[in-house]
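Data block for protein-v1.txt (compact mmCIF, C-alpha atoms):
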```txt
# COMPACT_ATOMS: atom_id res chain seq x y z
CA MET L 1 193.47 10.33 136.51
CA GLY L 2 194.03 7.41 138.78
CA GLY L 3 196.27 5.52 141.13
CA MET L 4 194.76 7.07 144.28
CA VAL L 5 193.20 5.32 147.27
CA TYR L 6 190.17 6.74 149.04
CA ASP L 7 188.62 5.99 152.38
CA LEU L 8 185.05 4.79 151.89
CA ARG L 9 183.78 7.49 154.22
CA GLU L 10 185.44 10.08 151.99
CA VAL L 11 183.79 8.59 148.93
CA ARG L 12 180.38 8.60 150.61
CA ARG L 13 180.89 12.22 151.61
CA ALA L 14 181.83 12.98 148.02
CA ARG L 15 178.59 11.37 146.86
CA TYR L 16 176.50 13.75 148.94
CA ALA L 17 178.64 16.69 147.84
CA VAL L 18 178.16 15.89 144.15
CA ALA L 19 174.43 15.42 144.78
CA ALA L 20 174.32 18.93 146.28
CA VAL L 21 176.10 20.31 143.19
CA PHE L 22 173.53 18.61 140.95
CA ALA L 23 170.73 20.21 142.99
CA VAL L 24 172.36 23.64 142.70
CA HIS L 25 172.75 23.19 138.94
CA GLY L 26 169.07 22.30 138.62
CA ALA L 27 167.99 25.22 140.82
CA VAL L 28 169.66 27.67 138.42
CA THR L 29 167.67 26.21 135.52
CA GLY L 30 164.41 26.38 137.47
CA SER L 31 165.09 29.95 138.57
CA PHE L 32 165.69 31.07 134.99
CA ALA L 33 162.77 29.25 133.37
CA THR L 34 160.11 30.86 135.55
CA ARG L 35 161.25 34.40 134.71
CA VAL L 36 161.44 34.07 130.92
CA PRO L 37 158.28 36.18 130.41
CA TRP L 38 159.81 39.02 132.48
CA ILE L 39 163.06 38.74 130.52
CA GLN L 40 161.13 38.86 127.24
CA ASP L 41 159.32 42.04 128.27
CA HIS L 42 162.49 43.69 129.57
CA ALA L 43 164.42 42.94 126.38
CA GLY L 44 161.47 44.01 124.23
CA VAL L 45 161.56 40.95 121.96
CA SER L 46 158.74 39.24 120.12
CA ALA L 47 157.79 35.58 120.56
CA GLY L 48 159.75 34.66 117.43
CA GLN L 49 162.82 36.60 118.58
CA LEU L 50 162.58 34.95 121.98
CA GLY L 51 162.53 31.55 120.30
CA LEU L 52 165.72 32.49 118.45
CA ALA L 53 167.38 33.68 121.66
CA LEU L 54 166.44 30.50 123.51
CA ALA L 55 168.43 28.49 120.97
CA PHE L 56 171.65 30.14 122.17
CA PRO L 57 172.01 28.25 125.49
CA ALA L 58 172.20 24.96 123.61
CA LEU L 59 174.58 26.50 121.09
CA GLY L 60 176.85 27.81 123.83
CA ALA L 61 176.78 24.48 125.66
CA SER L 62 177.65 22.53 122.51
CA VAL L 63 180.64 24.79 121.79
CA ALA L 64 181.99 24.87 125.35
CA MET L 65 181.40 21.36 126.69
CA PRO L 66 184.49 19.83 125.02
CA LEU L 67 186.60 22.34 127.01
CA ALA L 68 185.59 20.78 130.34
CA GLY L 69 188.06 17.92 129.99
CA SER L 70 191.08 20.16 129.45
CA ILE L 71 190.01 22.45 132.31
CA THR L 72 189.70 19.47 134.64
CA HIS L 73 193.10 18.16 133.55
CA ARG L 74 194.76 21.50 134.19
CA PHE L 75 193.21 22.42 137.53
CA GLY L 76 192.14 19.07 138.98
CA ALA L 77 188.57 17.81 139.31
CA ARG L 78 187.69 19.64 142.53
CA ASN L 79 189.02 23.06 141.56
CA ALA L 80 187.59 22.74 138.06
CA LEU L 81 184.11 21.92 139.36
CA ARG L 82 184.32 24.69 141.95
CA GLY L 83 185.16 27.27 139.30
CA LEU L 84 182.70 26.01 136.70
CA ILE L 85 179.73 25.75 139.07
CA ALA L 86 180.46 29.30 140.26
CA LEU L 87 180.53 30.57 136.69
CA TRP L 88 177.25 28.82 135.98
CA THR L 89 175.41 30.13 139.04
CA LEU L 90 176.67 33.68 138.46
CA ALA L 91 175.68 33.48 134.78
CA LEU L 92 172.06 33.39 135.98
CA ILE L 93 172.32 37.16 136.43
CA LEU L 94 173.10 37.91 132.78
CA PRO L 95 169.83 37.25 130.86
CA SER L 96 167.73 39.53 133.06
CA LEU L 97 170.16 42.40 132.42
CA ALA L 98 169.87 42.19 128.63
CA PRO L 99 168.11 45.28 127.15
CA ASN L 100 167.69 43.97 123.58
CA LEU L 101 167.80 40.90 121.36
CA LEU L 102 171.54 41.01 120.63
CA THR L 103 172.61 41.27 124.26
CA LEU L 104 170.04 38.62 125.24
CA CYS L 105 171.51 36.19 122.69
CA LEU L 106 175.03 36.88 123.97
CA ALA L 107 173.93 36.48 127.59
CA LEU L 108 172.19 33.19 126.84
CA PHE L 109 175.22 31.93 124.92
CA VAL L 110 177.40 32.49 128.01
CA TYR L 111 174.64 31.06 130.22
CA GLY L 112 174.56 27.88 128.13
CA ALA L 113 178.35 27.59 127.84
CA THR L 114 178.87 27.69 131.60
CA ALA L 115 175.93 25.30 132.12
CA GLY L 116 177.40 22.76 129.71
CA MET L 117 180.93 22.82 131.15
CA ALA L 118 179.65 22.48 134.72
CA ASP L 119 177.34 19.68 133.54
CA VAL L 120 180.22 17.67 132.09
CA ALA L 121 182.45 18.20 135.14
CA MET L 122 179.82 17.16 137.69
CA ASN L 123 178.71 14.12 135.69
CA ALA L 124 182.33 12.99 135.31
CA LEU L 125 182.82 13.23 139.08
CA GLY L 126 179.52 11.43 139.61
CA VAL L 127 180.75 8.53 137.48
CA GLU L 128 184.02 8.45 139.48
CA VAL L 129 182.14 8.24 142.78
CA GLU L 130 179.80 5.58 141.40
CA THR L 131 182.78 3.49 140.29
CA ARG L 132 184.42 3.66 143.71
CA LEU L 133 181.21 2.91 145.61
CA GLY L 134 180.53 -0.12 143.43
CA ARG L 135 176.84 0.66 142.98
CA SER L 136 174.65 2.89 140.85
CA ILE L 137 174.16 6.51 141.95
CA MET L 138 173.76 8.41 138.67
CA SER L 139 169.98 8.14 138.58
CA GLY L 140 169.77 9.56 142.08
CA LEU L 141 172.14 12.38 141.19
CA HIS L 142 169.95 13.39 138.26
CA GLY L 143 166.96 13.07 140.59
CA MET L 144 168.63 15.67 142.80
CA TRP L 145 168.97 17.88 139.71
CA SER L 146 165.22 17.55 139.12
CA ALA L 147 164.52 18.31 142.78
CA GLY L 148 166.73 21.39 142.57
CA ALA L 149 164.91 22.51 139.43
CA LEU L 150 161.57 22.14 141.22
CA VAL L 151 162.81 24.22 144.17
CA GLY L 152 164.19 26.88 141.84
CA SER L 153 160.93 26.92 139.89
CA ALA L 154 158.88 27.25 143.07
CA ALA L 155 160.98 30.18 144.26
CA GLY L 156 160.77 31.79 140.81
CA THR L 157 157.01 31.33 140.71
CA LEU L 158 156.70 33.03 144.09
CA ALA L 159 158.94 35.88 142.94
CA ALA L 160 156.87 36.32 139.78
CA HIS L 161 153.63 36.21 141.77
CA LEU L 162 154.94 38.98 144.03
CA GLY L 163 155.89 41.03 140.97
CA SER L 164 159.58 41.25 141.91
CA ASP L 165 162.19 42.51 139.48
CA ALA L 166 163.94 39.51 137.90
CA ARG L 167 167.27 41.33 138.12
CA LEU L 168 167.01 41.44 141.90
CA HIS L 169 165.57 37.92 142.11
CA HIS L 170 168.32 36.41 139.98
CA ALA L 171 171.07 38.36 141.73
CA LEU L 172 169.96 37.05 145.13
CA ALA L 173 169.49 33.53 143.76
CA ALA L 174 172.90 33.59 142.05
CA VAL L 175 174.74 34.67 145.20
CA THR L 176 172.95 32.07 147.33
CA LEU L 177 173.47 29.23 144.87
CA THR L 178 177.11 30.20 144.29
CA LEU L 179 177.84 29.97 148.01
CA LEU L 180 176.06 26.61 148.26
CA GLY L 181 177.73 25.18 145.16
CA VAL L 182 181.26 26.30 146.07
CA ALA L 183 180.82 25.02 149.62
CA ALA L 184 179.65 21.60 148.39
CA CYS L 185 182.70 21.30 146.12
CA GLN L 186 184.93 21.23 149.19
CA TRP L 187 184.01 17.56 149.69
CA VAL L 188 184.03 16.20 146.13
CA LEU L 189 186.89 13.89 145.13
CA ASP L 190 190.09 15.83 144.48
CA LEU L 191 191.17 13.88 141.41
CA GLN L 192 194.47 14.93 139.84
CA PRO L 193 195.94 13.81 136.51
CA ALA L 194 198.80 11.33 136.59
CA GLU L 195 202.22 12.82 135.88
CA ASP L 196 202.52 10.99 132.57
CA GLU L 197 198.91 11.56 131.52
CA GLU L 198 198.54 13.47 128.27
CA PRO L 199 196.17 16.45 128.44
CA PRO L 200 193.00 15.94 126.41
CA PRO L 201 192.55 18.05 123.27
CA ARG L 202 190.58 21.24 123.73
CA PHE L 203 188.29 20.33 120.87
CA ALA L 204 187.83 16.81 119.56
CA LEU L 205 185.10 14.69 118.07
CA PRO L 206 183.55 12.35 120.63
CA PRO L 207 184.47 8.66 120.35
CA LYS L 208 182.20 6.32 118.40
CA SER L 209 180.99 4.69 121.61
CA ALA L 210 179.77 8.07 122.87
CA LEU L 211 177.85 8.64 119.64
CA LEU L 212 176.00 5.33 120.02
CA ILE L 213 175.25 5.97 123.69
CA GLY L 214 174.26 9.53 122.85
CA ALA L 215 171.72 8.21 120.33
CA VAL L 216 169.87 6.49 123.19
CA GLY L 217 170.00 9.70 125.20
CA PHE L 218 168.74 11.61 122.15
CA CYS L 219 165.58 9.48 122.07
CA ALA L 220 164.92 9.98 125.78
CA VAL L 221 165.54 13.74 125.80
CA PHE L 222 163.40 14.21 122.69
CA ALA L 223 160.50 12.54 124.49
CA GLU L 224 161.19 14.62 127.60
CA GLY L 225 161.33 17.93 125.73
CA ALA L 226 158.21 17.11 123.73
CA SER L 227 156.27 16.18 126.85
CA LEU L 228 157.37 19.15 128.94
CA ASP L 229 156.52 21.71 126.27
CA TRP L 230 153.52 20.08 124.61
CA SER L 231 151.70 17.86 127.14
CA ALA L 232 149.49 20.72 128.36
CA VAL L 233 148.79 21.82 124.80
CA TYR L 234 147.96 18.23 123.85
CA LEU L 235 145.33 17.92 126.57
CA ARG L 236 143.87 21.36 125.78
CA ASP L 237 143.71 21.02 121.99
CA GLN L 238 143.22 17.28 121.46
CA LEU L 239 140.99 16.50 124.44
CA ASP L 240 139.47 19.91 125.19
CA THR L 241 140.46 20.03 128.87
CA SER L 242 140.66 23.07 131.14
CA ALA L 243 143.89 25.04 131.46
CA GLY L 244 144.28 23.92 135.07
CA LEU L 245 144.00 20.23 134.26
CA ALA L 246 146.35 20.62 131.30
CA ALA L 247 148.96 22.29 133.53
CA ALA L 248 148.53 19.53 136.11
CA CYS L 249 149.49 17.00 133.45
CA THR L 250 152.85 18.70 132.92
CA THR L 251 153.44 18.91 136.66
CA GLY L 252 152.61 15.25 137.05
CA PHE L 253 155.03 14.32 134.28
CA THR L 254 157.83 16.30 135.98
CA LEU L 255 157.16 14.81 139.40
CA THR L 256 157.05 11.29 137.97
CA MET L 257 160.47 11.78 136.41
CA ALA L 258 161.95 13.21 139.61
CA VAL L 259 160.64 10.40 141.83
CA ALA L 260 161.69 7.70 139.36
CA ARG L 261 165.23 9.09 139.23
CA LEU L 262 165.51 9.24 143.00
CA VAL L 263 164.61 5.55 143.37
CA GLY L 264 166.08 4.31 140.07
CA ASP L 265 169.49 3.33 141.41
CA ARG L 266 168.06 0.37 143.31
CA VAL L 267 166.59 -1.00 140.10
CA VAL L 268 169.88 -0.49 138.23
CA ASP L 269 171.87 -2.26 140.95
CA ARG L 270 169.54 -5.24 140.78
CA TYR L 271 169.00 -5.59 137.04
CA GLY L 272 171.90 -3.73 135.42
CA SER L 273 171.92 -0.79 133.06
CA VAL L 274 170.94 -2.60 129.86
CA ARG L 275 167.89 -4.40 131.22
CA THR L 276 166.78 -1.31 133.14
CA VAL L 277 166.98 0.90 130.06
CA ARG L 278 165.30 -1.72 127.88
CA PHE L 279 162.40 -2.02 130.33
CA SER L 280 162.28 1.78 130.65
CA GLY L 281 161.96 2.04 126.88
CA VAL L 282 159.05 -0.42 126.95
CA LEU L 283 157.28 1.71 129.57
CA ALA L 284 157.91 4.88 127.57
CA THR L 285 156.61 3.25 124.38
CA LEU L 286 153.46 2.05 126.14
CA GLY L 287 153.00 5.57 127.52
CA GLY L 288 153.31 7.04 124.04
CA LEU L 289 150.79 4.57 122.64
CA LEU L 290 148.38 5.39 125.45
CA ILE L 291 148.69 9.11 124.68
CA ILE L 292 147.97 8.51 120.99
CA VAL L 293 144.87 6.34 121.47
CA SER L 294 143.41 8.13 124.50
CA ASP L 295 140.06 9.83 124.15
CA ARG L 296 139.83 10.94 127.78
CA PRO L 297 142.08 13.32 129.76
CA ALA L 298 142.70 10.76 132.50
CA LEU L 299 144.08 8.23 130.00
CA ALA L 300 146.33 10.82 128.36
CA MET L 301 147.62 11.97 131.75
CA ALA L 302 148.37 8.36 132.63
CA GLY L 303 150.20 8.02 129.32
CA PHE L 304 152.38 11.08 130.04
CA ALA L 305 153.09 9.80 133.55
CA LEU L 306 154.11 6.42 132.13
CA LEU L 307 156.28 8.17 129.53
CA GLY L 308 158.00 10.16 132.28
CA LEU L 309 158.54 7.03 134.33
CA GLY L 310 160.04 5.29 131.32
CA ILE L 311 162.56 7.93 130.28
CA ALA L 312 163.58 9.11 133.76
CA VAL L 313 166.69 6.99 134.27
CA VAL L 314 167.83 6.73 130.65
CA VAL L 315 169.96 9.89 130.46
CA PRO L 316 171.72 9.30 133.82
CA LEU L 317 172.63 5.80 132.68
CA CYS L 318 173.86 7.17 129.35
CA PHE L 319 176.28 9.44 131.22
CA ALA L 320 177.38 6.53 133.42
CA ALA L 321 178.01 4.31 130.39
CA ALA L 322 179.87 7.10 128.58
CA GLY L 323 182.13 7.61 131.58
CA ARG L 324 183.21 3.97 131.39
CA SER L 325 183.35 3.62 127.62
CA GLY L 326 186.94 4.72 127.09
CA PRO L 327 190.12 6.21 128.54
CA ASN L 328 188.81 9.79 128.53
CA PRO L 329 185.54 9.99 130.51
CA SER L 330 185.17 13.78 130.18
CA LEU L 331 185.40 13.64 126.39
CA ALA L 332 182.85 10.82 126.17
CA ILE L 333 180.49 12.53 128.61
CA ALA L 334 180.85 15.81 126.68
CA GLY L 335 179.91 13.96 123.50
CA VAL L 336 176.79 12.44 125.05
CA ALA L 337 175.86 15.78 126.65
CA THR L 338 176.19 17.59 123.32
CA ILE L 339 173.86 15.10 121.62
CA THR L 340 171.28 15.28 124.40
CA TYR L 341 171.40 19.09 124.50
CA THR L 342 170.82 19.11 120.74
CA SER L 343 167.83 16.81 121.15
CA GLY L 344 166.34 19.06 123.80
CA LEU L 345 166.82 22.02 121.47
CA ILE L 346 165.12 20.56 118.41
CA ALA L 347 162.34 18.54 120.06
CA PRO L 348 159.89 21.35 120.87
CA SER L 349 160.15 22.95 117.42
CA ALA L 350 160.02 19.58 115.64
CA ILE L 351 156.84 18.65 117.52
CA GLY L 352 155.34 22.04 116.65
CA GLY L 353 156.27 21.78 112.99
CA ILE L 354 154.78 18.32 112.61
CA ALA L 355 151.65 19.39 114.50
CA GLN L 356 151.17 22.38 112.22
CA ALA L 357 151.49 20.19 109.13
CA THR L 358 149.38 17.33 110.48
CA SER L 359 148.32 17.10 114.13
CA LEU L 360 149.73 16.76 117.63
CA MET L 361 148.71 13.11 117.64
CA VAL L 362 151.04 12.49 114.69
CA SER L 363 153.77 14.38 116.55
CA PHE L 364 153.50 12.00 119.47
CA CYS L 365 153.61 9.07 117.08
CA LEU L 366 157.21 10.21 116.44
CA VAL L 367 157.81 10.39 120.20
CA THR L 368 156.53 6.83 120.53
CA VAL L 369 158.80 5.57 117.74
CA LEU L 370 161.82 7.21 119.37
CA SER L 371 160.82 5.70 122.71
CA PHE L 372 160.93 2.28 121.08
CA GLY L 373 164.42 3.21 119.85
CA ILE L 374 165.49 3.14 123.51
CA VAL L 375 164.43 -0.51 123.63
CA ALA L 376 166.16 -1.38 120.38
CA PHE L 377 169.53 0.21 121.22
CA ALA L 378 169.72 -0.31 124.99
CA ARG L 379 172.56 -2.80 124.55
CA VAL L 380 175.03 0.00 123.72
CA LEU L 381 174.92 0.94 127.42
CA ARG L 382 176.63 -2.31 128.33
CA ALA L 383 179.70 -0.31 129.39
CA GLY L 384 177.65 0.89 132.34
CA ASP L 385 177.37 -2.69 133.60
CA ARG L 386 181.10 -3.28 133.78
CA GLU L 387 182.08 -4.94 137.03
CA ARG L 388 182.75 -2.51 139.84
CA PRO L 389 184.72 -3.08 143.01
CA LYS L 390 182.69 -4.09 146.05
CA VAL L 391 183.52 -2.77 149.50
CA SER L 392 181.97 -4.01 152.69
CA ARG L 393 183.77 -2.37 155.62
CA PRO L 394 182.91 1.26 156.39
CA ASP L 395 186.56 2.16 156.91
CA ALA L 396 187.87 0.23 153.90
CA ALA L 397 190.04 1.92 151.33
CA VAL L 398 188.57 2.22 147.86
CA PRO L 399 191.20 1.96 145.14
CA ASP L 400 190.91 3.59 141.78
CA PRO L 401 189.70 0.62 139.65
CA ARG L 402 191.25 1.96 136.46
CA PRO L 403 194.89 1.31 135.57
```

Could you spell out this file's structure in structure tokens?
Amino acid sequence: MGGMVYDLREVRRARYAVAAVFAVHGAVTGSFATRVPWIQDHAGVSAGQLGLALAFPALGASVAMPLAGSITHRFGARNALRGLIALWTLALILPSLAPNLLTLCLALFVYGATAGMADVAMNALGVEVETRLGRSIMSGLHGMWSAGALVGSAAGTLAAHLGSDARLHHALAAVTLTLLGVAACQWVLDLQPAEDEEPPPRFALPPKSALLIGAVGFCAVFAEGASLDWSAVYLRDQLDTSAGLAAACTTGFTLTMAVARLVGDRVVDRYGSVRTVRFSGVLATLGGLLIIVSDRPALAMAGFALLGLGIAVVVPLCFAAAGRSGPNPSLAIAGVATITYTSGLIAPSAIGGIAQATSLMVSFCLVTVLSFGIVAFARVLRAGDRERPKVSRPDAAVPDPRP
């Protein structure tokens, strides 16, 4: 897709529109996560069966994400995102309706498939806007996702506290978020394929560059998943803290990531993707080391906060680099997304398995090693530092920089 000229004001408007879509996407995730206990009770599944069911969103996303490129090619970027974000927001209704394990697995498969396709489409458009603006915005976009997830979680927590039926809660949330998401899509860039552009294959292996970039994202998401699911347990079991203080550690980790993403674009614009990710990996590694050696809750909490600060911008920059690593941004982004989704799927169980065999401290030794992997392989994100066009006048036209 290319050859079009955009007014800078249109591109700026598209930036805010894509940011709103990211927030809507995150709000769906937050809304679902807070009602998992209700869904478990309604479906009548055990903890082990729930763990099996919760693997299906990642499975559905991995299967469906490669389809996003062909959908975008057929319908155009704006229409594709509008349809995919609507499917994703409406899919929020399905899990709470499931009466048993089989239907819950099917519902979560669809939930994950629509999430993954919308994820690829909105990240691809985010990369397009970033390219035309000539400055980094991907970290901020993912920060908006985190903010949306926090809002969705807060609303879900309130609904759970009031004892509301998750079917009603999710139906109201789905309708509201669908309206917001579809409305925001009105102002995203309406990219259309060139007449002679070949449609991407429906299913294809990601390019080698996406695999290398995805490996960096794998390390970051593994550390994120481990910290989100196990930070509270670590403080409770390793350092004998109260449940409230342990929960506060997880909240602090999440807030640190959200704030770092919202301000991370300024750092990227000044130092570039490679140096930013390399320094981020150093911070994450130091955070992991602090967690391992800490004998006091305050030190461990500081370690988790430092870990969150270090990994916050890595995944957004992986998507940005993937979008500039070859002629088919959607395919590359889908490849990176598949790898990161897989990491998020296996991290919690891997940490638990290692902890059961040894200890949680040994588990976070693995997290620390993977965090150092971000430092070692940061150079593969060099595609994200490719020169972008600079525009100074507010009414200037922004050409498509790709041939």

Do you have the CA of Ala155 (chain L)-CA of Ala174 (chain L) distance handy?
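That distance, rounded to one decimal, is 12.6 Å.
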
Shortest interatomic distance to Gly264 (chain L) - which of L:Gly310, L:Gly344, L:Gly352, L:Gly83, counting all atoms listed in the file
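The answer is L:Gly310, which sits nearest to Gly264 (chain L).
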
Minimum-distance residue to Leu286 (chain L), chosen among L:Val314, L:Val367, L:Ile346, L:Leu235 (using all atoms listed in the file)
L:Val367

Grab the CA of Ser96 (chain L) to CA of Arg167 (chain L) distance for me, in Å with one decimal place.
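Atom-to-atom, CA of Ser96 (chain L) to CA of Arg167 (chain L), that is 5.4 Å.
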
Given the choices L:Leu239, L:Ala337, L:Ala33, L:Val268, which gets closest to Ser294 (chain L) if the distance is worked out from only C-alpha atoms?
L:Leu239

Distance criterion (all atoms listed in the file): nearest to Arg12 (chain L) out of L:Ser349, L:Ser62, L:Gln40, L:Thr131
L:Thr131

Would you mind completing region 305-319 of chain L to N, CA, C and O atoms and writing the output as an mmCIF file, in the coordinates of the input?
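Wrote it out as selection.cif, contents follow:
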```cif
data_model
loop_
_atom_site.group_PDB
_atom_site.id
_atom_site.type_symbol
_atom_site.label_atom_id
_atom_site.label_comp_id
_atom_site.auth_asym_id
_atom_site.auth_seq_id
_atom_site.Cartn_x
_atom_site.Cartn_y
_atom_site.Cartn_z
ATOM 1 N N ALA L 305 152.416 10.258 132.333
ATOM 2 C CA ALA L 305 153.090 9.800 133.550
ATOM 3 C C ALA L 305 153.932 8.564 133.268
ATOM 4 O O ALA L 305 155.070 8.440 133.750
ATOM 5 N N LEU L 306 153.375 7.630 132.482
ATOM 6 C CA LEU L 306 154.110 6.420 132.130
ATOM 7 C C LEU L 306 155.316 6.755 131.261
ATOM 8 O O LEU L 306 156.397 6.156 131.405
ATOM 9 N N LEU L 307 155.162 7.721 130.366
ATOM 10 C CA LEU L 307 156.280 8.170 129.530
ATOM 11 C C LEU L 307 157.382 8.764 130.401
ATOM 12 O O LEU L 307 158.574 8.480 130.207
ATOM 13 N N GLY L 308 157.012 9.586 131.372
ATOM 14 C CA GLY L 308 158.000 10.160 132.280
ATOM 15 C C GLY L 308 158.705 9.103 133.100
ATOM 16 O O GLY L 308 159.929 9.158 133.298
ATOM 17 N N LEU L 309 157.951 8.128 133.571
ATOM 18 C CA LEU L 309 158.540 7.030 134.330
ATOM 19 C C LEU L 309 159.527 6.251 133.472
ATOM 20 O O LEU L 309 160.591 5.830 133.948
ATOM 21 N N GLY L 310 159.198 6.080 132.194
ATOM 22 C CA GLY L 310 160.040 5.290 131.320
ATOM 23 C C GLY L 310 161.348 5.956 130.947
ATOM 24 O O GLY L 310 162.389 5.295 130.850
ATOM 25 N N ILE L 311 161.339 7.265 130.746
ATOM 26 C CA ILE L 311 162.560 7.930 130.280
ATOM 27 C C ILE L 311 163.408 8.492 131.411
ATOM 28 O O ILE L 311 164.531 8.958 131.181
ATOM 29 N N ALA L 312 162.932 8.425 132.643
ATOM 30 C CA ALA L 312 163.580 9.110 133.760
ATOM 31 C C ALA L 312 165.034 8.730 133.946
ATOM 32 O O ALA L 312 165.905 9.593 134.132
ATOM 33 N N VAL L 313 165.335 7.427 133.929
ATOM 34 C CA VAL L 313 166.690 6.990 134.270
ATOM 35 C C VAL L 313 167.590 6.825 133.047
ATOM 36 O O VAL L 313 168.777 6.514 133.196
ATOM 37 N N VAL L 314 167.057 7.034 131.859
ATOM 38 C CA VAL L 314 167.830 6.730 130.650
ATOM 39 C C VAL L 314 169.039 7.642 130.514
ATOM 40 O O VAL L 314 170.169 7.182 130.300
ATOM 41 N N VAL L 315 168.842 8.963 130.631
ATOM 42 C CA VAL L 315 169.960 9.890 130.460
ATOM 43 C C VAL L 315 171.026 9.707 131.540
ATOM 44 O O VAL L 315 172.221 9.673 131.226
ATOM 45 N N PRO L 316 170.670 9.570 132.833
ATOM 46 C CA PRO L 316 171.720 9.300 133.820
ATOM 47 C C PRO L 316 172.545 8.062 133.495
ATOM 48 O O PRO L 316 173.776 8.060 133.669
ATOM 49 N N LEU L 317 171.887 7.018 133.010
ATOM 50 C CA LEU L 317 172.630 5.800 132.680
ATOM 51 C C LEU L 317 173.454 5.971 131.410
ATOM 52 O O LEU L 317 174.485 5.308 131.250
ATOM 53 N N CYS L 318 173.033 6.855 130.524
ATOM 54 C CA CYS L 318 173.860 7.170 129.350
ATOM 55 C C CYS L 318 175.154 7.848 129.786
ATOM 56 O O CYS L 318 176.238 7.532 129.277
ATOM 57 N N PHE L 319 175.068 8.786 130.717
ATOM 58 C CA PHE L 319 176.280 9.440 131.220
ATOM 59 C C PHE L 319 177.181 8.429 131.931
ATOM 60 O O PHE L 319 178.405 8.464 131.772
#
```
